[in-house]
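Take a look at the structure below.
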Amino acid sequence: MHNAAERNGQAAAQGPFFLGVDVGSTTVKLVACSQSGTELLFQFYRRHESRQLATLLDGLRQLESALCITPANTRLFVTGSGGARMAEILGGKFVQEVTAVSLAVERCHPSVRSVIELGGQDSKIIVFQESPLPGHLKKFASMNDKCAGGTGAVIERIAAKLNLPAEQLVRIGYDGIELHPVAGKCGVFAETDITGLQKQGVPPEQLMASLFDAIVLQNLSVLTRGHLLKPQTLLLGGPNFFFPGLRQAWRHHLHRLWEQEKVAAPPALLPDELILVPEYAQYFAAIGAIEYGRTESAEVGEYFGSAALERALHAASGAQTGNCGTPGLAGSESELREFLRQYAVPRPPAPQLGSGAVEVFLGIDGGSTSTKAVCLSRSGDVLASAYRLSQGDPVADAIAVLQQLRQHFAQSHAHMEILGSATTGYSRDLLQRVFHADAALVETVAHANSALRICPDVDAIIDVGGQDIKIIVLNHGAVKDFRLNTQCSAGNGYFLQAAAESLGIAIEDFADVASTARQMPVFSYGCAVFLQSDIVNFQRQGWQPKEIIAGLAAVLPKNVFLYVAGVSNIANLGRRFLLQGGTQRNLAVVKAEVDFMRSHFFDEAQPEIFVHPNCGEAGAIGAALHVMEQYVAGRRSSFIGMEGLDQIRYTTLRN
């Protein structure tokens with residue numbers, strides 16, 4: 001299709017018209033052409049910022065002004081994730097978006113065999129394969145359903161975090177730029193990696209190129225589902241159209257894939273023609289909706305006009321004045337007081353150290369977003385602990401927490417005599433090598449050790465950390481089952497902290513502020529990118545920050561039990577539960593978890609739910625307990641010693 005906007009004056013007298021509307025997760029697209037031709041007479045593209053009705057209404061008004069569009073001379077076809085609702089309001093026919101995109105590709109680029117479309121929160125891959133029937137192609141389509149990790153929303157969120165304006169973002173490339181490892185499977189994982197690299201001084205251009213690389217690899221590994229993409233390949237959607245670095249990343253990886261798989265290019269095509277970004281890449285679904293309309297009889301696709309949408313918008317605005325939600329985390333002051341009486345237990349005070357040498361067992365937990373270290377006495381009591389948010393360098397983070405412990409002992413004129421040391425967490429192996437620790441313990445065992453020390457007959461450990469959600473099911477003290485969020489970081493501590501700070505609430509004040517909300521919006525559990533969009537939507541509906549963060553606390557147990565563990569009846573996990581992990585310091589989260597677990601415990605008996613008194617340091621405590629139990633009198637620890645911290649020298653390579 002070709003642009004004919006300059007002939008809009010002539011088109012005003014033409015008709016009848018086809019109108020194609022694509023209401024996506026983040027944008028509204030609108031195109032129009034005459035029913036006798038394929039030239040685009042009008043295009044409209046705008047971010048709706050959760051105001052789909054108002055944005056589309058503005059587009060329709062511009063259209064009706066530019067062309068003589070009326071219900072009498074127009075047929076409407078609608079697609080996109082929000083298209084079904086618009087079709088109900090405006091009339092017309094709803095078209096499934098894969099069908100729409102496929103029809104537009106077959107009409108405009110019949111030689112294409114692969115399509116990659118990225119949107120604001122969705123992504124899809126369509127593969128066209130030869131069919132036994134002449135002139136027909138088989139289509140295989142795959143879309144993201146539960147995760148928006150490799151989509152435009154992640155790009156824009158991280159660009160905003162890096163303070164990159166739009167005019168700079170659309171100039172960032174990929175070819176020839178140094179890349180760094182970034183997780184593409186989850187938007188929160190990617191953001192954490194980017195934050196760590198930024199703290200190490202990696203420039204924004206390299207960070208965004210690395211993100212483009214991660215997004216391409218994620219989509220190639222997940223959405224292809226075993227199907228091989230072949231040339232010609234079409235790149236569609238706003239992100240592919242607007243970001244040159246993303247297009248270059250696709251070209252790099254697709255050419256490398258075809259070389260590895262020995263895919264022969266069509267002889268008639270030049271190398272630069274194997275991967276195309278068409279002029280109207282962001283409008284293809286809307287164009288395809290029109291193509292679908294050409295196959296329908298004349299009475300299909302009735303258009304009610306913009307006035308119908310205006311009436312719906314006014315009705316929706318009136319309905320939003322009484323926001324629908326649920327009661328807050330606490331139904332009454334007495335309920336809140338009773339909860340705090342049970343769970344707002346202060347951490348036990350550290351024993352007096354005395355002076356001179358103090359024998360300790362050392363545990364270090366190099367986690368996803370923080371590093372913790374503890375010193376235990378011979379009897380297993382916590383003598384001292386240290387905590388540090390990750391600065392992107394696990395060795396430097398560990399040295400910092402160990403120096404904190406060293407200073408704590410020095411203030412009492414004591415020094416540590418380390419009988420044994422162990423590491424756990426993501427960086428356990430690296431830290432063991434650097435500090436010559438006596439053991440490196442997997443997180444499951446470390447957390448189980450710590451939990452059993454507090455609650456010997458615990459049935460299940462619910463550990464919620466910065467990025468991790470772990471459920472450890474025990475049977476007589478042995479690990480029976482284990483669930484971990486490997487692909488998604490929805491609803492965990494890092495996301496809650498980032499969401500609260502974006503609303504102007506410090507994470508330390510989260511629980512106090514959330515407990516004052518008398519009502520809260522209902523979030524759908526799942527992907528953090530989807531949750532972020534819900535936050536924006538709820539803000540526009542008039543929900544207050546305290547009500548939004550209360551709703552985020554309430555959705556966390558749904559992510560833990562329904563999304564990660566896939567357990568709707570909590571009784572299947574046992575009867576005695578221990579909550580641990582740094583996020584469990586947040587009493588709003590604990591309140592939501594306790595209420596959810598009790599309401600989903602389908603058994604005559606009620607569950608017993610406890611919170612680890614040192615929930616944030618549970619992994620480090622479990623590591624220290626391990627070497628304490630393995631200690632043999634007279635055996636020296638291999639740990640380098642606190643004095644050795646000053647002698648550590650290392651070089652970080654990024655290539």
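Chain lettering (A, B, ...) mirrors the order of the structure tokens, residue numbering begins at 1 for each chain separately, and ligand numbering begins at 1 in order of display.
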Checklist entry - Neighbours of Asp457 of chain A within 8 Å (only C-alpha atoms; same-chain residues fewer than 3 positions away dropped), as a PyMOL selection string? => result chain A and resi 452+476-477+576
Next on the checklist: I'd like the neighbourhood of Asp595 of chain A as a list in words, where a residue qualifies if any of its atoms comes within 12 Å (using only C-alpha atoms), though same-chain residues fewer than 6 positions away should be ignored.
Outcome noted: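 Non-adjacent residues within range: Gly328, Leu329, Ala330, Gly331, Glu335, Leu336, Phe339, Ala553, Ala554, Val555, Leu556, Pro557, Lys558, Ile570, Ala588, Val589, Phe601, Gln606, Pro607, Glu608 and Ile609 of chain A.
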Just to be explicit: take each residue in the selection above, keep N, CA, C and O atoms, and write the result as a PDB file, in the first residue's frame.
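So the final result, stored in again17.pdb, reads:
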ATOM      1  N   GLY A 328      -9.521  -2.692  51.979  1.00  0.00           N
ATOM      2  CA  GLY A 328      -8.076  -2.643  52.154  1.00  0.00           C
ATOM      3  C   GLY A 328      -7.525  -3.886  52.822  1.00  0.00           C
ATOM      4  O   GLY A 328      -8.249  -4.853  53.106  1.00  0.00           O
ATOM      5  N   LEU A 329      -6.212  -3.860  53.085  1.00  0.00           N
ATOM      6  CA  LEU A 329      -5.553  -5.031  53.658  1.00  0.00           C
ATOM      7  C   LEU A 329      -6.116  -5.390  55.025  1.00  0.00           C
ATOM      8  O   LEU A 329      -6.168  -6.573  55.392  1.00  0.00           O
ATOM      9  N   ALA A 330      -6.529  -4.405  55.800  1.00  0.00           N
ATOM     10  CA  ALA A 330      -7.132  -4.650  57.109  1.00  0.00           C
ATOM     11  C   ALA A 330      -8.558  -4.116  57.101  1.00  0.00           C
ATOM     12  O   ALA A 330      -8.794  -2.955  56.753  1.00  0.00           O
ATOM     13  N   GLY A 331      -9.505  -4.961  57.469  1.00  0.00           N
ATOM     14  CA  GLY A 331     -10.902  -4.546  57.442  1.00  0.00           C
ATOM     15  C   GLY A 331     -11.256  -3.556  58.527  1.00  0.00           C
ATOM     16  O   GLY A 331     -12.232  -2.815  58.398  1.00  0.00           O
ATOM     17  N   GLU A 335      -8.641  -5.435  63.636  1.00  0.00           N
ATOM     18  CA  GLU A 335      -8.003  -6.506  62.864  1.00  0.00           C
ATOM     19  C   GLU A 335      -6.529  -6.200  62.647  1.00  0.00           C
ATOM     20  O   GLU A 335      -5.665  -7.092  62.766  1.00  0.00           O
ATOM     21  N   LEU A 336      -6.206  -4.939  62.344  1.00  0.00           N
ATOM     22  CA  LEU A 336      -4.817  -4.553  62.135  1.00  0.00           C
ATOM     23  C   LEU A 336      -4.011  -4.697  63.421  1.00  0.00           C
ATOM     24  O   LEU A 336      -2.877  -5.194  63.407  1.00  0.00           O
ATOM     25  N   PHE A 339      -3.262  -8.342  64.043  1.00  0.00           N
ATOM     26  CA  PHE A 339      -2.212  -8.824  63.145  1.00  0.00           C
ATOM     27  C   PHE A 339      -0.838  -8.352  63.616  1.00  0.00           C
ATOM     28  O   PHE A 339       0.116  -9.136  63.676  1.00  0.00           O
ATOM     29  N   ALA A 553       0.571  -5.245  47.215  1.00  0.00           N
ATOM     30  CA  ALA A 553       0.851  -6.213  48.279  1.00  0.00           C
ATOM     31  C   ALA A 553      -0.126  -7.379  48.207  1.00  0.00           C
ATOM     32  O   ALA A 553       0.251  -8.541  48.396  1.00  0.00           O
ATOM     33  N   ALA A 554      -1.379  -7.088  47.896  1.00  0.00           N
ATOM     34  CA  ALA A 554      -2.394  -8.138  47.856  1.00  0.00           C
ATOM     35  C   ALA A 554      -2.195  -9.092  46.685  1.00  0.00           C
ATOM     36  O   ALA A 554      -2.577 -10.270  46.764  1.00  0.00           O
ATOM     37  N   VAL A 555      -1.590  -8.623  45.587  1.00  0.00           N
ATOM     38  CA  VAL A 555      -1.407  -9.499  44.429  1.00  0.00           C
ATOM     39  C   VAL A 555      -0.178 -10.387  44.588  1.00  0.00           C
ATOM     40  O   VAL A 555      -0.054 -11.411  43.899  1.00  0.00           O
ATOM     41  N   LEU A 556       0.740 -10.039  45.507  1.00  0.00           N
ATOM     42  CA  LEU A 556       1.965 -10.829  45.651  1.00  0.00           C
ATOM     43  C   LEU A 556       1.687 -12.292  45.979  1.00  0.00           C
ATOM     44  O   LEU A 556       2.259 -13.179  45.339  1.00  0.00           O
ATOM     45  N   PRO A 557       0.850 -12.619  46.969  1.00  0.00           N
ATOM     46  CA  PRO A 557       0.619 -14.050  47.223  1.00  0.00           C
ATOM     47  C   PRO A 557      -0.029 -14.784  46.053  1.00  0.00           C
ATOM     48  O   PRO A 557       0.171 -15.993  45.898  1.00  0.00           O
ATOM     49  N   LYS A 558      -0.783 -14.075  45.225  1.00  0.00           N
ATOM     50  CA  LYS A 558      -1.329 -14.730  44.026  1.00  0.00           C
ATOM     51  C   LYS A 558      -0.198 -15.131  43.091  1.00  0.00           C
ATOM     52  O   LYS A 558      -0.228 -16.227  42.510  1.00  0.00           O
ATOM     53  N   ILE A 570      -3.710 -24.382  49.471  1.00  0.00           N
ATOM     54  CA  ILE A 570      -2.462 -24.268  50.225  1.00  0.00           C
ATOM     55  C   ILE A 570      -2.252 -25.492  51.116  1.00  0.00           C
ATOM     56  O   ILE A 570      -1.115 -25.845  51.449  1.00  0.00           O
ATOM     57  N   ALA A 588       3.017  -5.322  55.177  1.00  0.00           N
ATOM     58  CA  ALA A 588       1.864  -5.308  54.274  1.00  0.00           C
ATOM     59  C   ALA A 588       1.845  -6.576  53.430  1.00  0.00           C
ATOM     60  O   ALA A 588       0.788  -7.173  53.192  1.00  0.00           O
ATOM     61  N   VAL A 589       3.023  -7.010  52.985  1.00  0.00           N
ATOM     62  CA  VAL A 589       3.138  -8.260  52.239  1.00  0.00           C
ATOM     63  C   VAL A 589       2.761  -9.438  53.122  1.00  0.00           C
ATOM     64  O   VAL A 589       2.025 -10.347  52.711  1.00  0.00           O
ATOM     65  N   PHE A 601      -6.841 -22.228  52.195  1.00  0.00           N
ATOM     66  CA  PHE A 601      -6.473 -23.448  52.915  1.00  0.00           C
ATOM     67  C   PHE A 601      -7.745 -24.273  53.086  1.00  0.00           C
ATOM     68  O   PHE A 601      -8.487 -24.110  54.048  1.00  0.00           O
ATOM     69  N   GLN A 606      -6.724 -25.035  60.490  1.00  0.00           N
ATOM     70  CA  GLN A 606      -6.181 -23.787  59.971  1.00  0.00           C
ATOM     71  C   GLN A 606      -4.654 -23.871  59.916  1.00  0.00           C
ATOM     72  O   GLN A 606      -4.028 -24.557  60.725  1.00  0.00           O
ATOM     73  N   PRO A 607      -4.034 -23.177  58.975  1.00  0.00           N
ATOM     74  CA  PRO A 607      -2.564 -23.234  58.879  1.00  0.00           C
ATOM     75  C   PRO A 607      -1.904 -22.445  60.006  1.00  0.00           C
ATOM     76  O   PRO A 607      -2.466 -21.484  60.531  1.00  0.00           O
ATOM     77  N   GLU A 608      -0.714 -22.871  60.356  1.00  0.00           N
ATOM     78  CA  GLU A 608       0.130 -22.118  61.290  1.00  0.00           C
ATOM     79  C   GLU A 608       1.195 -21.410  60.454  1.00  0.00           C
ATOM     80  O   GLU A 608       1.936 -22.049  59.704  1.00  0.00           O
ATOM     81  N   ILE A 609       1.242 -20.091  60.584  1.00  0.00           N
ATOM     82  CA  ILE A 609       2.122 -19.276  59.735  1.00  0.00           C
ATOM     83  C   ILE A 609       3.035 -18.449  60.625  1.00  0.00           C
ATOM     84  O   ILE A 609       2.562 -17.707  61.496  1.00  0.00           O
TER      85      ILE A 609
END
Item to check | Closest of A:Leu276, A:Leu90, A:Leu234, A:Ile471 to Gly566 of chain A - atom-to-atom distances counting only C-alpha atoms | outcome: A:Ile471
Checklist entry - Of the candidates A:Ala344, A:Val627, A:Leu19, A:Ala620, which one gets nearest to Ser385 of chain A if we count only C-alpha atoms? => result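 Answer, going by the shortest atom-to-atom distance: A:Ala620.
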Next on the checklist: So that I can see what lies close to segment 117-134 of chain A, please list as an MDAnalysis selection string the residues with an atom at most 9 Å from it, counting only C-alpha atoms and leaving out residues fewer than 3 positions away in the same chain.
Outcome noted: chainID A and resid 24:27 98 101:102 112:114 137:145 147:154 156 219:220 223:224 227:230 234:240 281:282 529:530
Could the residues in this selection be saved with C-alpha atoms as a short mmCIF file (atom, residue, chain, number, x, y, z; two decimals), in the first residue's frame?
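The resulting file, part31.cif, is reproduced below:
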data_model
loop_
_atom_site.label_atom_id
_atom_site.label_comp_id
_atom_site.auth_asym_id
_atom_site.auth_seq_id
_atom_site.Cartn_x
_atom_site.Cartn_y
_atom_site.Cartn_z
CA GLY A 24 -3.12 -2.44 21.02
CA SER A 25 -1.74 -2.76 24.52
CA THR A 26 -0.10 0.67 24.44
CA THR A 27 -1.10 2.41 21.18
CA VAL A 98 -2.80 -12.86 13.76
CA VAL A 101 -1.38 -9.35 10.14
CA SER A 102 -1.20 -12.46 7.97
CA VAL A 112 7.61 -13.15 2.83
CA ARG A 113 8.00 -16.42 4.77
CA SER A 114 8.51 -15.11 8.32
CA LEU A 137 0.38 -21.28 2.51
CA LYS A 138 0.19 -22.93 5.89
CA LYS A 139 0.60 -20.50 8.77
CA PHE A 140 2.16 -21.15 12.15
CA ALA A 141 1.69 -18.36 14.70
CA SER A 142 3.04 -17.92 18.21
CA MET A 143 2.32 -15.10 20.66
CA ASN A 144 3.41 -14.19 24.17
CA ASP A 145 0.58 -14.73 26.62
CA CYS A 147 4.97 -12.38 29.84
CA ALA A 148 5.85 -9.06 28.23
CA GLY A 149 9.59 -9.46 28.81
CA GLY A 150 10.69 -9.05 25.19
CA THR A 151 8.46 -6.17 24.13
CA GLY A 152 8.49 -2.42 23.63
CA ALA A 153 7.31 -1.67 27.16
CA VAL A 154 10.56 -3.05 28.57
CA GLU A 156 10.76 2.23 27.13
CA ASN A 219 11.98 -13.94 21.15
CA LEU A 220 13.98 -16.26 18.89
CA LEU A 223 8.36 -17.70 20.24
CA THR A 224 9.70 -19.78 17.35
CA HIS A 227 10.08 -23.52 13.76
CA LEU A 228 12.88 -22.10 11.65
CA LEU A 229 12.45 -18.54 10.43
CA LYS A 230 13.31 -18.22 6.76
CA LEU A 234 9.34 -8.93 7.76
CA LEU A 235 9.88 -6.85 10.91
CA LEU A 236 6.63 -5.21 12.07
CA GLY A 237 5.35 -3.22 15.02
CA GLY A 238 6.33 0.06 16.61
CA PRO A 239 9.56 -1.06 18.34
CA ASN A 240 10.93 -2.62 15.15
CA ALA A 281 5.33 -1.48 9.75
CA GLN A 282 3.39 -0.12 12.72
CA VAL A 529 5.15 -5.37 32.86
CA PHE A 530 1.39 -5.99 32.83
#
Item to check | Every residue of segment 62-119 of chain A that DSSP places in strand (DSSP E or B), as a list in words | outcome: Thr74, Arg75, Leu76, Phe77, Val78, Thr79, Gly91, Lys93, Phe94, Ser114, Val115, Ile116, Glu117 and Leu118 of chain A
Next on the checklist: Going by DSSP on the backbone, which residues of segment 87-212 of chain A come out as alpha helix (DSSP H)? List them as a PyMOL selection string.
Outcome noted: chain A and resi 87-90+97-108+152-161+166-169+187-199+204-212
Dump of C-alpha atoms for the selected residues, as a PDB file, in the first residue's frame:
ATOM      1  CA  ALA A  87     -16.183  -3.213  17.874  1.00  0.00           C
ATOM      2  CA  GLU A  88     -19.067  -3.526  20.347  1.00  0.00           C
ATOM      3  CA  ILE A  89     -19.172   0.259  20.747  1.00  0.00           C
ATOM      4  CA  LEU A  90     -18.501   1.386  17.173  1.00  0.00           C
ATOM      5  CA  GLU A  97      -4.854  -9.919  15.094  1.00  0.00           C
ATOM      6  CA  VAL A  98      -2.804 -12.855  13.759  1.00  0.00           C
ATOM      7  CA  THR A  99      -5.354 -13.215  10.976  1.00  0.00           C
ATOM      8  CA  ALA A 100      -5.181  -9.492  10.262  1.00  0.00           C
ATOM      9  CA  VAL A 101      -1.379  -9.345  10.139  1.00  0.00           C
ATOM     10  CA  SER A 102      -1.202 -12.462   7.973  1.00  0.00           C
ATOM     11  CA  LEU A 103      -3.652 -11.033   5.445  1.00  0.00           C
ATOM     12  CA  ALA A 104      -1.741  -7.743   5.233  1.00  0.00           C
ATOM     13  CA  VAL A 105       1.534  -9.591   4.696  1.00  0.00           C
ATOM     14  CA  GLU A 106       0.066 -11.846   1.999  1.00  0.00           C
ATOM     15  CA  ARG A 107      -1.435  -8.839   0.243  1.00  0.00           C
ATOM     16  CA  CYS A 108       1.542  -6.468   0.463  1.00  0.00           C
ATOM     17  CA  GLY A 152       8.492  -2.418  23.630  1.00  0.00           C
ATOM     18  CA  ALA A 153       7.311  -1.667  27.160  1.00  0.00           C
ATOM     19  CA  VAL A 154      10.560  -3.046  28.574  1.00  0.00           C
ATOM     20  CA  ILE A 155      12.607  -0.926  26.161  1.00  0.00           C
ATOM     21  CA  GLU A 156      10.762   2.230  27.126  1.00  0.00           C
ATOM     22  CA  ARG A 157      10.858   1.488  30.857  1.00  0.00           C
ATOM     23  CA  ILE A 158      14.620   0.946  30.840  1.00  0.00           C
ATOM     24  CA  ALA A 159      15.203   3.944  28.566  1.00  0.00           C
ATOM     25  CA  ALA A 160      13.290   6.070  31.081  1.00  0.00           C
ATOM     26  CA  LYS A 161      15.410   4.627  33.898  1.00  0.00           C
ATOM     27  CA  ALA A 166      13.009   9.613  22.707  1.00  0.00           C
ATOM     28  CA  GLU A 167      15.082  11.559  20.183  1.00  0.00           C
ATOM     29  CA  GLN A 168      18.268   9.920  21.507  1.00  0.00           C
ATOM     30  CA  LEU A 169      16.739   6.449  21.811  1.00  0.00           C
ATOM     31  CA  GLY A 187      11.548  -7.217  32.229  1.00  0.00           C
ATOM     32  CA  VAL A 188      12.445  -7.032  35.934  1.00  0.00           C
ATOM     33  CA  PHE A 189      15.448  -9.326  35.459  1.00  0.00           C
ATOM     34  CA  ALA A 190      16.592  -7.151  32.544  1.00  0.00           C
ATOM     35  CA  GLU A 191      16.148  -3.961  34.559  1.00  0.00           C
ATOM     36  CA  THR A 192      18.187  -5.402  37.431  1.00  0.00           C
ATOM     37  CA  ASP A 193      21.017  -6.359  35.074  1.00  0.00           C
ATOM     38  CA  ILE A 194      20.941  -2.938  33.431  1.00  0.00           C
ATOM     39  CA  THR A 195      21.045  -1.233  36.839  1.00  0.00           C
ATOM     40  CA  GLY A 196      24.081  -3.267  37.870  1.00  0.00           C
ATOM     41  CA  LEU A 197      25.913  -2.504  34.639  1.00  0.00           C
ATOM     42  CA  GLN A 198      25.033   1.178  34.909  1.00  0.00           C
ATOM     43  CA  LYS A 199      26.580   1.307  38.385  1.00  0.00           C
ATOM     44  CA  PRO A 204      23.770   4.040  27.966  1.00  0.00           C
ATOM     45  CA  GLU A 205      24.433   3.212  24.296  1.00  0.00           C
ATOM     46  CA  GLN A 206      26.014  -0.114  25.276  1.00  0.00           C
ATOM     47  CA  LEU A 207      23.232  -0.820  27.766  1.00  0.00           C
ATOM     48  CA  MET A 208      20.472  -0.303  25.190  1.00  0.00           C
ATOM     49  CA  ALA A 209      22.331  -2.303  22.518  1.00  0.00           C
ATOM     50  CA  SER A 210      22.700  -5.114  25.057  1.00  0.00           C
ATOM     51  CA  LEU A 211      18.980  -4.916  25.789  1.00  0.00           C
ATOM     52  CA  PHE A 212      18.156  -5.101  22.060  1.00  0.00           C
TER      53      PHE A 212
END
Next on the checklist: For segment 644-652 of chain A, find every residue with an atom within 9 Å (counting only C-alpha atoms), except residues of its own chain fewer than 6 positions away, and show them as a list in words.
Outcome noted: Asp393, Val395, Ile399, Leu402, Gln403, Val434 and Phe435 of chain A
Checklist entry - Contacts of segment 64-74 of chain A at 6 Å or less, counting only C-alpha atoms, minus same-chain residues fewer than 6 places along, as a list in words? => result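 Near segment 64-74 of chain A, the qualifying residues are Ala12, Pro16, Phe17, Phe18, Tyr303, Phe304 and Gly305 of chain A.
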Can you write out the residues you just picked, keeping C-alpha atoms, as a PDB file, in the first residue's frame?
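New file part-v6.pdb:
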ATOM      1  CA  ALA A  12     -12.890  13.853   0.737  1.00  0.00           C
ATOM      2  CA  PRO A  16     -17.239   4.494   0.198  1.00  0.00           C
ATOM      3  CA  PHE A  17     -14.384   3.889   2.661  1.00  0.00           C
ATOM      4  CA  PHE A  18     -12.738   1.055   4.542  1.00  0.00           C
ATOM      5  CA  TYR A 303     -19.864   1.801  11.353  1.00  0.00           C
ATOM      6  CA  PHE A 304     -21.861   3.693  14.020  1.00  0.00           C
ATOM      7  CA  GLY A 305     -19.726   6.850  13.896  1.00  0.00           C
TER       8      GLY A 305
END
Item to check | Shell of 8 Å around Val382 of chain A, only C-alpha atoms, local chain residues under 5 positions omitted, as a list in words | outcome: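 Using only C-alpha atoms, the neighbours found are Ala350, Pro351, Val374, Cys375, Leu376, Ser377 and Ile621 of chain A.
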Export, as a PDB file, in the first residue's frame, the selected residues with N, CA and C atoms.
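Saved as part_7.pdb:
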ATOM      1  N   ALA A 350      21.124  -8.587  69.267  1.00  0.00           N
ATOM      2  CA  ALA A 350      22.364  -9.360  69.160  1.00  0.00           C
ATOM      3  C   ALA A 350      23.019  -9.463  70.532  1.00  0.00           C
ATOM      4  N   PRO A 351      23.566 -10.614  70.866  1.00  0.00           N
ATOM      5  CA  PRO A 351      24.237 -10.771  72.168  1.00  0.00           C
ATOM      6  C   PRO A 351      25.438  -9.836  72.279  1.00  0.00           C
ATOM      7  N   VAL A 374      26.412 -12.967  57.904  1.00  0.00           N
ATOM      8  CA  VAL A 374      26.093 -13.131  59.323  1.00  0.00           C
ATOM      9  C   VAL A 374      27.244 -13.845  60.020  1.00  0.00           C
ATOM     10  N   CYS A 375      27.335 -13.609  61.314  1.00  0.00           N
ATOM     11  CA  CYS A 375      28.256 -14.353  62.171  1.00  0.00           C
ATOM     12  C   CYS A 375      27.427 -15.066  63.231  1.00  0.00           C
ATOM     13  N   LEU A 376      27.614 -16.375  63.340  1.00  0.00           N
ATOM     14  CA  LEU A 376      26.917 -17.168  64.348  1.00  0.00           C
ATOM     15  C   LEU A 376      27.891 -17.591  65.434  1.00  0.00           C
ATOM     16  N   SER A 377      27.353 -17.696  66.628  1.00  0.00           N
ATOM     17  CA  SER A 377      28.147 -18.223  67.730  1.00  0.00           C
ATOM     18  C   SER A 377      28.221 -19.744  67.626  1.00  0.00           C
ATOM     19  N   ILE A 621      22.343 -17.264  57.160  1.00  0.00           N
ATOM     20  CA  ILE A 621      22.298 -18.037  58.404  1.00  0.00           C
ATOM     21  C   ILE A 621      22.371 -19.528  58.098  1.00  0.00           C
TER      22      ILE A 621
END
If you take only C-alpha atoms and a cut-off of 6 Å, which residues of segment 400-484 of chain A touch segment 579-585 of chain A, and what are their nearest atom pairs and distances in Å to one decimal, in chain and number order, as JSON lines?
{"residue": "A:Ile462", "atom": "CA", "partner": "A:Leu579", "partner_atom": "CA", "distance": 4.9}
{"residue": "A:Asp463", "atom": "CA", "partner": "A:Gln580", "partner_atom": "CA", "distance": 4.8}
{"residue": "A:Val464", "atom": "CA", "partner": "A:Gly581", "partner_atom": "CA", "distance": 4.9}
{"residue": "A:Gly465", "atom": "CA", "partner": "A:Gly581", "partner_atom": "CA", "distance": 4.9}
Go ahead and write the selection's residues with all heavy atoms as a CSV table (one decimal), in the first residue's frame.
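Okay, part-v7.csv is ready:
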chain,number,residue,atom,x,y,z
A,462,ILE,N,8.2,-20.3,52.5
A,462,ILE,CA,7.8,-19.4,51.5
A,462,ILE,C,8.9,-18.3,51.5
A,462,ILE,O,8.9,-17.4,52.4
A,462,ILE,CB,6.4,-18.8,51.7
A,462,ILE,CG1,5.4,-19.9,52.1
A,462,ILE,CG2,6.0,-18.0,50.5
A,462,ILE,CD1,5.3,-21.0,51.0
A,463,ASP,N,9.8,-18.3,50.6
A,463,ASP,CA,10.9,-17.4,50.5
A,463,ASP,C,10.7,-16.4,49.4
A,463,ASP,O,10.7,-16.8,48.2
A,463,ASP,CB,12.2,-18.1,50.4
A,463,ASP,CG,13.4,-17.2,50.4
A,463,ASP,OD1,13.8,-16.6,49.4
A,463,ASP,OD2,13.9,-16.9,51.5
A,464,VAL,N,10.5,-15.1,49.7
A,464,VAL,CA,10.3,-14.1,48.7
A,464,VAL,C,11.5,-13.1,48.8
A,464,VAL,O,11.6,-12.4,49.8
A,464,VAL,CB,9.0,-13.4,48.8
A,464,VAL,CG1,8.8,-12.3,47.7
A,464,VAL,CG2,7.8,-14.4,48.8
A,465,GLY,N,12.3,-13.0,47.8
A,465,GLY,CA,13.5,-12.1,47.9
A,465,GLY,C,13.3,-11.0,46.9
A,465,GLY,O,12.2,-10.6,46.5
Item to check | Spatial neighbours of Ala511 of chain A, 8 Å, only C-alpha atoms, chain gap at least 3 places, as JSON, numbers by chain | outcome: {"A": [508, 514, 515, 586, 587, 588, 589]}
Restricting it to C-alpha atoms, dump the selection as a PDB file, in the first residue's frame.
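What ended up in result16.pdb:
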ATOM      1  CA  GLU A 508      10.658   1.546  54.462  1.00  0.00           C
ATOM      2  CA  ALA A 514      -0.510   0.610  52.651  1.00  0.00           C
ATOM      3  CA  SER A 515      -2.229  -0.176  55.963  1.00  0.00           C
ATOM      4  CA  ASN A 586       7.309  -5.736  54.663  1.00  0.00           C
ATOM      5  CA  LEU A 587       4.343  -6.304  56.999  1.00  0.00           C
ATOM      6  CA  ALA A 588       1.864  -5.308  54.274  1.00  0.00           C
ATOM      7  CA  VAL A 589       3.138  -8.260  52.239  1.00  0.00           C
TER       8      VAL A 589
END
Checklist entry - What separation in Å, quoted to one decimal, exists between atom CA of Thr55 of chain A and atom CA of Lys546 of chain A? => result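 Distance reported for this atom pair: 28.0 Å.
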Next on the checklist: Just checking: using only C-alpha atoms, which residue out of A:Ser36, A:Ser306, A:Ser421, A:Gln260 ends up closest to Leu57 of chain A?
Outcome noted: A:Ser306
Checklist entry - So, counting only C-alpha atoms, which residue among A:Gly425, A:Gly542, A:Gly622, A:Gly301 is closest to Ser450 of chain A? => result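 Going through A:Gly425, A:Gly542, A:Gly622, A:Gly301 one by one, the smallest distance to Ser450 of chain A is for A:Gly622.
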